[in-house]
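Structure file run-v2.cif (mmCIF, C-alpha atoms and all ligand atoms) follows.
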data_model
#
loop_
_atom_site.label_atom_id
_atom_site.label_comp_id
_atom_site.auth_asym_id
_atom_site.auth_seq_id
_atom_site.Cartn_x
_atom_site.Cartn_y
_atom_site.Cartn_z
CA MET A 12 -24.03 -48.66 13.50
CA SER A 13 -25.44 -46.17 11.00
CA ASP A 14 -29.07 -44.99 10.96
CA SER A 15 -29.95 -47.33 8.10
CA GLN A 16 -28.37 -50.28 9.93
CA TRP A 17 -30.40 -49.43 13.06
CA LYS A 18 -33.56 -49.14 10.98
CA GLN A 19 -32.93 -52.61 9.54
CA TYR A 20 -32.01 -53.95 12.97
CA PHE A 21 -35.28 -52.80 14.58
CA ASP A 22 -37.38 -53.85 11.56
CA GLN A 23 -35.92 -57.32 11.95
CA LYS A 24 -36.46 -57.36 15.72
CA ALA A 25 -40.13 -56.45 15.20
CA ALA A 26 -40.50 -59.04 12.43
CA THR A 27 -39.14 -61.71 14.80
CA HIS A 28 -40.62 -60.68 18.15
CA GLY A 29 -43.75 -58.81 17.04
CA ALA A 30 -45.47 -56.71 19.71
CA SER A 31 -43.27 -58.13 22.49
CA VAL A 32 -40.96 -55.67 24.25
CA LYS A 33 -38.13 -57.93 23.07
CA SER A 34 -38.44 -55.96 19.83
CA SER A 35 -37.12 -52.92 21.67
CA ASP A 36 -33.91 -54.65 22.70
CA TYR A 37 -34.19 -54.38 26.48
CA PHE A 38 -32.02 -56.57 28.68
CA ASP A 39 -35.18 -58.52 29.51
CA ASP A 40 -38.93 -57.96 29.84
CA THR A 41 -38.68 -57.28 33.57
CA SER A 42 -36.21 -54.46 33.13
CA PHE A 43 -38.55 -52.86 30.58
CA PHE A 44 -41.61 -53.02 32.84
CA VAL A 45 -39.73 -51.92 35.97
CA GLN A 46 -38.49 -48.90 34.06
CA ARG A 47 -41.86 -48.14 32.49
CA ASP A 48 -43.69 -48.35 35.81
CA HIS A 49 -41.23 -46.07 37.59
CA ILE A 50 -41.21 -43.45 34.85
CA HIS A 51 -45.01 -43.46 34.54
CA ARG A 52 -45.37 -42.99 38.30
CA TRP A 53 -42.77 -40.24 38.24
CA LEU A 54 -44.70 -38.35 35.56
CA GLY A 55 -47.95 -38.73 37.48
CA GLU A 56 -51.43 -39.20 36.06
CA LEU A 57 -51.82 -37.91 32.49
CA LYS A 58 -55.26 -37.09 31.15
CA GLY A 59 -56.33 -35.20 28.04
CA LYS A 60 -52.72 -34.51 27.06
CA GLN A 61 -50.96 -34.43 23.70
CA ILE A 62 -48.05 -36.83 24.12
CA LEU A 63 -45.18 -37.63 21.76
CA ASP A 64 -43.27 -40.90 22.13
CA ALA A 65 -40.13 -40.17 20.08
CA GLY A 66 -38.53 -43.44 18.92
CA CYS A 67 -41.61 -45.33 20.11
CA GLY A 68 -40.61 -48.74 18.69
CA VAL A 69 -43.55 -51.12 19.13
CA GLY A 70 -45.32 -48.59 21.37
CA ALA A 71 -45.30 -50.58 24.61
CA PHE A 72 -43.87 -47.73 26.67
CA SER A 73 -46.72 -45.31 26.07
CA GLU A 74 -49.57 -47.80 25.58
CA PRO A 75 -51.01 -47.14 29.09
CA TRP A 76 -51.50 -43.46 28.16
CA VAL A 77 -53.53 -44.15 25.02
CA LYS A 78 -56.87 -44.52 26.81
CA ASP A 79 -56.92 -40.99 28.26
CA ASN A 80 -54.65 -39.00 25.96
CA THR A 81 -53.65 -38.49 22.32
CA VAL A 82 -50.37 -40.29 21.86
CA TYR A 83 -48.22 -39.86 18.77
CA GLY A 84 -45.38 -42.27 18.05
CA VAL A 85 -42.54 -41.49 15.65
CA ASP A 86 -39.96 -44.06 14.60
CA PHE A 87 -37.96 -44.91 11.49
CA SER A 88 -38.69 -48.65 11.81
CA ALA A 89 -41.84 -49.22 9.72
CA LYS A 90 -42.25 -52.76 11.05
CA SER A 91 -42.15 -51.57 14.68
CA LEU A 92 -44.75 -48.91 13.89
CA GLU A 93 -47.25 -51.56 12.75
CA PHE A 94 -47.32 -52.82 16.34
CA ALA A 95 -47.34 -49.32 17.84
CA ALA A 96 -50.40 -48.52 15.69
CA SER A 97 -52.15 -51.65 16.91
CA ARG A 98 -51.54 -50.40 20.47
CA GLY A 99 -53.43 -47.22 19.62
CA LEU A 100 -50.58 -44.76 18.97
CA LYS A 101 -50.96 -42.33 16.07
CA THR A 102 -47.86 -43.38 14.19
CA LEU A 103 -45.56 -41.51 11.85
CA ASN A 104 -42.61 -43.00 10.06
CA GLY A 105 -39.77 -40.50 10.19
CA ASP A 106 -36.50 -39.36 11.65
CA LEU A 107 -36.38 -37.66 15.02
CA GLY A 108 -34.09 -35.03 13.56
CA ALA A 109 -36.94 -33.54 11.48
CA LEU A 110 -40.30 -33.93 13.18
CA PRO A 111 -43.41 -33.04 11.15
CA PHE A 112 -45.02 -31.15 14.02
CA ALA A 113 -45.61 -27.48 14.81
CA ASN A 114 -43.63 -25.74 17.56
CA GLY A 115 -45.02 -26.39 21.04
CA MET A 116 -47.52 -29.03 19.98
CA PHE A 117 -47.02 -31.44 22.90
CA ASP A 118 -47.66 -31.30 26.65
CA VAL A 119 -45.33 -34.24 27.22
CA VAL A 120 -42.50 -35.58 25.04
CA VAL A 121 -40.73 -38.81 25.98
CA CYS A 122 -37.71 -40.37 24.30
CA ILE A 123 -36.85 -43.70 25.87
CA GLY A 124 -33.73 -45.73 25.08
CA VAL A 125 -32.99 -43.94 21.81
CA ILE A 126 -30.19 -41.41 22.14
CA GLN A 127 -27.56 -44.09 22.82
CA LEU A 128 -28.11 -45.11 19.19
CA ILE A 129 -27.61 -41.77 17.51
CA PRO A 130 -24.35 -40.12 16.49
CA GLU A 131 -25.21 -36.53 17.41
CA VAL A 132 -27.55 -35.88 20.27
CA GLU A 133 -27.94 -32.11 20.23
CA PRO A 134 -30.01 -31.73 17.01
CA ILE A 135 -32.36 -34.52 18.16
CA ILE A 136 -32.97 -33.07 21.63
CA ALA A 137 -33.34 -29.59 20.08
CA GLU A 138 -36.09 -30.97 17.85
CA LEU A 139 -37.83 -32.61 20.83
CA ALA A 140 -37.52 -29.32 22.73
CA ARG A 141 -39.02 -27.40 19.79
CA VAL A 142 -42.22 -29.47 19.77
CA THR A 143 -42.63 -29.33 23.58
CA LYS A 144 -45.03 -26.56 24.60
CA PRO A 145 -43.92 -23.85 27.04
CA GLY A 146 -44.63 -25.29 30.49
CA GLY A 147 -44.60 -28.81 29.00
CA VAL A 148 -42.37 -31.69 30.01
CA LEU A 149 -39.51 -33.30 28.09
CA LEU A 150 -38.20 -36.62 29.42
CA VAL A 151 -35.22 -38.45 27.92
CA GLN A 152 -34.02 -41.83 29.17
CA THR A 153 -30.62 -43.29 28.31
CA LEU A 154 -27.51 -45.17 29.44
CA HIS A 155 -25.21 -43.66 32.05
CA SER A 156 -21.58 -43.32 30.99
CA GLY A 157 -20.31 -43.24 34.59
CA SER A 158 -21.63 -46.68 35.55
CA VAL A 159 -19.11 -49.13 37.01
CA GLN A 160 -21.22 -52.09 35.79
CA ARG A 161 -21.19 -50.76 32.21
CA LYS A 162 -17.44 -50.12 32.30
CA LEU A 163 -16.86 -53.71 33.40
CA LEU A 164 -19.24 -55.12 30.78
CA GLY A 165 -17.55 -52.95 28.14
CA LEU A 166 -14.32 -54.90 28.70
CA PHE A 167 -16.03 -58.06 27.41
CA GLU A 168 -18.63 -56.74 24.99
CA ARG A 169 -17.50 -57.20 21.40
CA THR A 170 -20.09 -55.38 19.33
CA LYS A 171 -19.84 -52.03 21.17
CA LYS A 172 -23.44 -51.64 20.04
CA PHE A 173 -24.27 -49.01 22.64
CA ASP A 174 -21.00 -47.14 22.67
CA ARG A 175 -22.73 -43.80 23.17
CA MET A 176 -23.59 -43.16 26.78
CA TYR A 177 -24.16 -39.92 28.61
CA SER A 178 -23.35 -38.17 31.83
CA MET A 179 -26.15 -36.50 33.73
CA THR A 180 -24.20 -33.24 33.67
CA GLU A 181 -23.91 -33.09 29.88
CA LEU A 182 -27.63 -33.70 29.36
CA ALA A 183 -28.54 -31.23 32.12
CA GLN A 184 -26.40 -28.58 30.40
CA LEU A 185 -28.03 -29.35 27.07
CA PHE A 186 -31.54 -29.11 28.55
CA THR A 187 -30.64 -25.75 30.10
CA ARG A 188 -29.29 -24.42 26.79
CA LEU A 189 -32.51 -25.51 25.07
CA GLY A 190 -34.80 -23.64 27.44
CA PHE A 191 -35.46 -26.08 30.30
CA PRO A 192 -34.16 -24.13 33.30
CA THR A 193 -34.56 -26.87 35.91
CA VAL A 194 -34.17 -30.60 35.55
CA ASP A 195 -34.40 -33.64 37.78
CA PHE A 196 -33.39 -37.27 37.45
CA LEU A 197 -34.73 -40.77 37.94
CA LYS A 198 -31.81 -43.16 38.35
CA GLN A 199 -31.73 -46.94 37.94
CA TYR A 200 -29.13 -49.33 39.29
CA HIS A 201 -29.34 -52.53 37.24
CA PRO A 202 -29.55 -55.42 38.22
CA LEU A 203 -31.17 -54.01 41.38
CA ARG A 204 -34.78 -52.92 40.99
CA VAL A 205 -33.99 -49.81 42.99
CA VAL A 206 -34.52 -46.33 41.62
CA THR A 207 -33.79 -42.97 43.21
CA GLN A 208 -35.02 -39.57 42.20
CA GLY A 209 -34.00 -36.01 42.78
CA ALA A 210 -32.52 -32.87 41.35
CA GLY A 211 -28.93 -33.53 42.30
CA ARG A 212 -26.04 -35.69 41.32
CA ASN A 213 -24.20 -37.81 43.86
CA SER A 214 -20.64 -38.74 43.07
CA LEU A 215 -20.68 -42.00 45.04
CA THR A 216 -24.03 -43.66 44.28
CA ASP A 217 -23.98 -42.37 40.69
CA LEU A 218 -21.05 -44.72 40.07
CA PHE A 219 -23.59 -47.56 40.18
CA CYS A 220 -26.33 -45.85 38.20
CA THR A 221 -26.69 -47.82 34.94
CA SER A 222 -29.33 -45.67 33.27
CA PHE A 223 -31.25 -42.52 34.04
CA ALA A 224 -34.11 -40.39 32.89
CA ILE A 225 -33.77 -36.62 32.83
CA ARG A 226 -36.92 -34.53 33.03
CA GLY A 227 -37.22 -30.83 32.35
CA ARG A 228 -40.09 -28.38 32.25
CA LYS A 229 -39.88 -25.93 29.36
CA GLY A 230 -39.65 -22.29 30.35
CA ASN A 231 -42.04 -19.70 29.00
CA GLY A 232 -39.32 -17.45 27.57
C1 LIG B 1 -34.15 -49.38 21.91
S1 LIG B 1 -35.56 -48.98 20.92
C2 LIG B 1 -36.63 -48.23 22.12
C3 LIG B 1 -38.07 -48.24 21.70
C4 LIG B 1 -39.05 -47.63 22.71
N1 LIG B 1 -38.73 -46.23 23.00
C5 LIG B 1 -39.08 -48.42 23.99
O1 LIG B 1 -38.54 -47.95 25.00
O2 LIG B 1 -39.63 -49.53 23.98
C6 LIG B 1 -34.98 -47.57 20.00
C7 LIG B 1 -35.96 -47.12 18.92
O3 LIG B 1 -35.51 -45.88 18.38
C8 LIG B 1 -35.72 -45.88 16.98
N2 LIG B 1 -34.79 -44.86 16.42
C9 LIG B 1 -33.45 -44.77 16.62
N3 LIG B 1 -32.94 -43.68 16.01
C10 LIG B 1 -33.99 -43.06 15.41
C11 LIG B 1 -34.11 -41.88 14.61
N4 LIG B 1 -33.04 -41.13 14.31
N5 LIG B 1 -35.33 -41.54 14.14
C12 LIG B 1 -36.43 -42.32 14.42
N6 LIG B 1 -36.38 -43.45 15.18
C13 LIG B 1 -35.17 -43.81 15.66
C14 LIG B 1 -35.44 -47.31 16.57
O4 LIG B 1 -36.03 -47.65 15.34
C15 LIG B 1 -36.06 -48.09 17.74
O5 LIG B 1 -37.42 -48.40 17.52
#
Once more with this new file: its structure as structure tokens, please.
Amino acid sequence: MSDSQWKQYFDQKAATHGASVKSSDYFDDTSFFVQRDHIHRWLGELKGKQILDAGCGVGAFSEPWVKDNTVYGVDFSAKSLEFAASRGLKTLNGDLGALPFANGMFDVVVCIGVIQLIPEVEPIIAELARVTKPGGVLLVQTLHSGSVQRKLLGLFERTKKFDRMYSMTELAQLFTRLGFPTVDFLKQYHPLRVVTQGAGRNSLTDLFCTSFAIRGRKGNG
């Protein structure tokens, strides 16, 4: 789908489901909260930080950070942003390809479940990298192209809605090119609630990894 179709799609989801995480199109509420809890634990306690939630939707992912941090949410769905604002995010309606922020403004930038929707990933991640401060953390979560479950589902799925998926290697290479010298991964294996974490890739278990988050710390150079 094109950007304007996605915008309409998520406006409609928010109009129908309101603040519920159903607006963000997760498989179900449980899979959203399992993922959110694991990623929040993985990032550790955040206090007094400037955080950007890029493609924040209704803001449920970063809501727990609002109390102790300044959390900005950018999205092109105006209807979703109404709910993100009511969760306490400082919202901006815009495209992730052109963020209205100075270089190095954020300690932590997260982009959850977004890049599978966009045609060209590199300019978006480059923009997220630009606004991450040296020493800050960039975390991107998306669908894993190597997953056996997804390949099987793809045989039956008609809409091909999420036809962009990623390998860990391609995102690791992109992070490195953009100034994040080391990365690590948090891997999920839907429908199991299991996650694993680590710096490496494993050719056997990765076959069953349905989605992953990649985290990099920006170098000072
Ligand atoms: C699947 S939802 C995920 C929302 C949220 N990150 C979460 O995990 O609950 C994807 C979100 O990305 C937004 N989005 C997709 N492409 C975008 C772009 N180029 N610029 C701004 N927002 C975008 C959509 O409007 C939608 O709210």
Given 3 Å of margin on each side, can you work out the centre and size in Å (one decimal) of an axis-aligned box holding every listed atom of ligand LIG 1 (chain B), as AutoDock Vina command-line options?
--center_x -36.3 --center_y -45.3 --center_z 19.6 --size_x 12.7 --size_y 14.4 --size_z 16.9
Counting all atoms listed in the file, what is within 12 Å of Phe112 (chain A), bar same-chain residues fewer than 3 positions away, as a PyMOL selection string? chain A and resi 61-63+65+83-85+103+105+107-109+115-117+138-144
Can I get the selection written as a PDB file, keeping the file's coordinate frame, with C-alpha atoms?
ATOM      1  CA  GLN A  61     -50.960 -34.430  23.700  1.00  0.00           C
ATOM      2  CA  ILE A  62     -48.050 -36.830  24.120  1.00  0.00           C
ATOM      3  CA  LEU A  63     -45.180 -37.630  21.760  1.00  0.00           C
ATOM      4  CA  ALA A  65     -40.130 -40.170  20.080  1.00  0.00           C
ATOM      5  CA  TYR A  83     -48.220 -39.860  18.770  1.00  0.00           C
ATOM      6  CA  GLY A  84     -45.380 -42.270  18.050  1.00  0.00           C
ATOM      7  CA  VAL A  85     -42.540 -41.490  15.650  1.00  0.00           C
ATOM      8  CA  LEU A 103     -45.560 -41.510  11.850  1.00  0.00           C
ATOM      9  CA  GLY A 105     -39.770 -40.500  10.190  1.00  0.00           C
ATOM     10  CA  LEU A 107     -36.380 -37.660  15.020  1.00  0.00           C
ATOM     11  CA  GLY A 108     -34.090 -35.030  13.560  1.00  0.00           C
ATOM     12  CA  ALA A 109     -36.940 -33.540  11.480  1.00  0.00           C
ATOM     13  CA  GLY A 115     -45.020 -26.390  21.040  1.00  0.00           C
ATOM     14  CA  MET A 116     -47.520 -29.030  19.980  1.00  0.00           C
ATOM     15  CA  PHE A 117     -47.020 -31.440  22.900  1.00  0.00           C
ATOM     16  CA  GLU A 138     -36.090 -30.970  17.850  1.00  0.00           C
ATOM     17  CA  LEU A 139     -37.830 -32.610  20.830  1.00  0.00           C
ATOM     18  CA  ALA A 140     -37.520 -29.320  22.730  1.00  0.00           C
ATOM     19  CA  ARG A 141     -39.020 -27.400  19.790  1.00  0.00           C
ATOM     20  CA  VAL A 142     -42.220 -29.470  19.770  1.00  0.00           C
ATOM     21  CA  THR A 143     -42.630 -29.330  23.580  1.00  0.00           C
ATOM     22  CA  LYS A 144     -45.030 -26.560  24.600  1.00  0.00           C
TER      23      LYS A 144
END
Between A:Ala26, A:Val121, A:Leu164, A:Val206, which one has atoms that come closest to Ile225 (chain A), using all atoms listed in the file?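 Closest to Ile225 (chain A) of all the choices is A:Val121.
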Enumerate residues in contact with ligand LIG 1 (chain B): an atom-to-atom distance of at most 7 Å, counting only C-alpha atoms and all ligand atoms. Format the result as a ChimeraX atom specification. /A:14,17-18,21,32,35-37,65-72,85-88,91,105-108,122-125,128-129
Contacts of Asn231 (chain A) at 9 Å or less, counting all atoms listed in the file, minus same-chain residues fewer than 6 places along, as a PyMOL selection string? chain A and resi 144-146+190
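Counting only C-alpha atoms, the residue from A:Val148, A:Glu133, A:Thr187, A:Met176 that sits nearest to Thr221 (chain A) is A:Met176.
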Kindly complete region 219-230 of chain A to N, CA and C atoms; the output should be written as an mmCIF file, keeping the file's coordinate frame.
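That gives us result-v6.cif:
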data_model
loop_
_atom_site.group_PDB
_atom_site.id
_atom_site.type_symbol
_atom_site.label_atom_id
_atom_site.label_comp_id
_atom_site.auth_asym_id
_atom_site.auth_seq_id
_atom_site.Cartn_x
_atom_site.Cartn_y
_atom_site.Cartn_z
ATOM 1 N N PHE A 219 -22.871 -46.302 40.403
ATOM 2 C CA PHE A 219 -23.590 -47.560 40.180
ATOM 3 C C PHE A 219 -24.891 -47.360 39.419
ATOM 4 N N CYS A 220 -25.105 -46.145 38.975
ATOM 5 C CA CYS A 220 -26.330 -45.850 38.200
ATOM 6 C C CYS A 220 -26.095 -46.293 36.758
ATOM 7 N N THR A 221 -26.898 -47.268 36.288
ATOM 8 C CA THR A 221 -26.690 -47.820 34.940
ATOM 9 C C THR A 221 -27.437 -47.026 33.865
ATOM 10 N N SER A 222 -28.612 -46.508 34.229
ATOM 11 C CA SER A 222 -29.330 -45.670 33.270
ATOM 12 C C SER A 222 -30.131 -44.625 34.042
ATOM 13 N N PHE A 223 -30.505 -43.575 33.350
ATOM 14 C CA PHE A 223 -31.250 -42.520 34.040
ATOM 15 C C PHE A 223 -32.202 -41.854 33.066
ATOM 16 N N ALA A 224 -33.223 -41.250 33.669
ATOM 17 C CA ALA A 224 -34.110 -40.390 32.890
ATOM 18 C C ALA A 224 -33.907 -38.979 33.395
ATOM 19 N N ILE A 225 -33.840 -38.036 32.463
ATOM 20 C CA ILE A 225 -33.770 -36.620 32.830
ATOM 21 C C ILE A 225 -35.086 -35.981 32.402
ATOM 22 N N ARG A 226 -35.626 -35.163 33.299
ATOM 23 C CA ARG A 226 -36.920 -34.530 33.030
ATOM 24 C C ARG A 226 -36.772 -33.033 33.201
ATOM 25 N N GLY A 227 -37.265 -32.293 32.238
ATOM 26 C CA GLY A 227 -37.220 -30.830 32.350
ATOM 27 C C GLY A 227 -38.559 -30.240 31.991
ATOM 28 N N ARG A 228 -38.863 -29.107 32.614
ATOM 29 C CA ARG A 228 -40.090 -28.380 32.250
ATOM 30 C C ARG A 228 -39.681 -27.167 31.424
ATOM 31 N N LYS A 229 -40.290 -27.010 30.270
ATOM 32 C CA LYS A 229 -39.880 -25.930 29.360
ATOM 33 C C LYS A 229 -40.290 -24.569 29.914
ATOM 34 N N GLY A 230 -39.348 -23.644 29.878
ATOM 35 C CA GLY A 230 -39.650 -22.290 30.350
ATOM 36 C C GLY A 230 -40.577 -21.559 29.388
#
